[in-house]
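A.B. asks: Below: one structure in structure tokens.
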Amino acid sequence: MVSKKGEIIALASIPLIMTLGNSMLIPILPQIARELKISSFQVSMLITVYAVVAILLIPIAGYLSDKFGRKAIIVPSLIIAGVGGAVSGSADWYTDGTALYWVILGGRFLQGIGAAGAFPIVLPLVGDLFDDEEEVSHNLGIIETSNTFGKVLSPILGALLGAWIWYAPLLSIPLLCLISLVLVWILVKEPEERKEAKPLGEFVETIKGVFREKGRWLYAIFAIGCISMFLLFGVLFYLSEQLESKHGLVGVIKGLVLAIPLAALCLASYITGKKIGKNKALMKWSGVAGLVLSTGALFGIGFFNNIYFVIACLIVCGAGIGIVLPSSDALITEGIDQEMRGTITSIYSSMRFIGVSAGPPIMSILMKAGHMTMFFVIAGVSLVAVILLLLMVKPEQGEGDPGDSKQRKPRAKVNSPLRQG
């Protein structure tokens, strides 16, 4: 195996920092609303505007990374994200009243632009760096683990910084982005051999061709990524609300409890990425196992409302999602040629952002329907993901296209074109 530990450490810092930059705000949103004297809807826009901008721009960033190179997009994106954090974090120093809210929102808009060109481009870059499929899968697991570790750390760190001063989590973003920027600039050496990008019109036709040829399993993986993040952020929203309203837990203690299922997710993600190797069949069945765990845990919560039972089931659910995510990452990264990998994985990242954005508001609506109804509905959504993965993704003995049921010869290199038939 070729050792590229420095490059993986640098790339793993990006999803960690991008996750912290958004999720750190979740435990302190009520505090921000009180400080700015704004409504709950207005404060929720600090999360929504970030996600919506990222959803819209991620596919564009993917195309640009295919055309100009991954690092050429990641570096300026980290700078933009840092500038956005600086604008939001320092707004209280030079403005106040209604203007303060709009300046912070503008900074979050900039941060969303930066996020669109940072983490989503890491996935195809990992695929570019390694020729061996087992190395790709292992390192994608590390990237996904870094992402999930950011989710574990964010409620704790956000609560700690918010206890010091309400805008401290926002102000920490430029420093975090600077650290990642330096690591990427120094340590990441993008492969020199890269095919010349197609003109835009030809590129669009190629995208259409990819979806005509591979759409069966691509749509399934997109939906599974969206559903996984919907489940994760939906149940976290529910647990956060329950801990505060029914059990009186706030601040760091609340953050620590929220981190428990996320820690299970993080550990499962790391182990899965290390074990699945280059076996596409194992990627599929690992994903199925993870979704079955999540589905069963969610159905279980529907029957019992005891907080300890709920947390125990959410640990199982978190572990299940932790198995699904690196498996899906590996399937989609391994199944797409290098020249199109940035665009396709960026669309996949957009689908995940849609899940992040949809989870909390949909869960808030379902909570009004009652405990059992709420969890049976989201368990049903998880079951849909199981069915999609079972029926739409059909690798054979770990080889070939994830959507093909025919056995093929293994590719000598990950970056070699995938052949059909």
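Labeling convention for the structure tokens: chains A, B, ... as they appear, residues from 1 per chain, ligands from 1 in order of appearance.
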Within 6 Å of range 84-95 of chain A, which residues of range 171-221 of chain A show up? Give each one with its shortest atom-to-atom distance in Å (one decimal) and the two atoms involved, counting only C-alpha atoms, rows by chain then rising residue number, as CSV.
C.D. replies:
residue,atom,partner,partner_atom,distance
A:Leu171,CA,A:Gly89,CA,4.1
A:Ile173,CA,A:Gly85,CA,5.2
A:Pro174,CA,A:Gly85,CA,5.6
A.B. asks: Save the residues we just selected, N, CA and C atoms, as a PDB file, in the first residue's frame?
C.D. replies:
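The resulting file, out35.pdb, is shown below:
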ATOM      1  N   LEU A 171     -17.237  32.718  15.330  1.00  0.00           N
ATOM      2  CA  LEU A 171     -15.914  33.315  15.226  1.00  0.00           C
ATOM      3  C   LEU A 171     -14.804  32.275  15.142  1.00  0.00           C
ATOM      4  N   ILE A 173     -14.876  29.678  13.209  1.00  0.00           N
ATOM      5  CA  ILE A 173     -14.852  29.089  11.869  1.00  0.00           C
ATOM      6  C   ILE A 173     -13.650  29.554  11.044  1.00  0.00           C
ATOM      7  N   PRO A 174     -13.289  30.855  11.018  1.00  0.00           N
ATOM      8  CA  PRO A 174     -12.116  31.255  10.236  1.00  0.00           C
ATOM      9  C   PRO A 174     -10.835  30.541  10.686  1.00  0.00           C
TER      10      PRO A 174
END
A.B. asks: Show me, as a ChimeraX atom specification, the residues that have an atom within 9 Å of Met374 in chain A when counting only C-alpha atoms, minus same-chain residues fewer than 5 positions from it.
C.D. replies: /A:302,363,365-369,379
A.B. asks: For the atom pair CA of Ser269 in chain A and CA of Ala297 in chain A, what is the interatomic distance in Å to one decimal place?
C.D. replies: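 Computing the Euclidean distance for CA of Ser269 in chain A and CA of Ala297 in chain A yields 17.6 Å.
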A.B. asks: Nearest to Leu140 in chain A among A:Leu170, A:Leu390, A:Ile344, A:Leu325, with distances taken over only C-alpha atoms: which residue is it?
C.D. replies: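 Under the stated criterion, the closest residue is A:Leu325.
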A.B. asks: Using only C-alpha atoms for the distances, tell me which of A:Thr48, A:Ser349, A:Thr272, A:Ser364 is nearest to Ala223 in chain A.
C.D. replies: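 For Ala223 in chain A, the nearest of the given residues is A:Ser349.
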A.B. asks: Ranking A:Cys226, A:Ala312, A:Val210, A:Ile362 by minimum distance to Tyr238 in chain A and counting only C-alpha atoms, which one comes first?
C.D. replies: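 With only C-alpha atoms as the atom set, the closest residue is A:Ile362.
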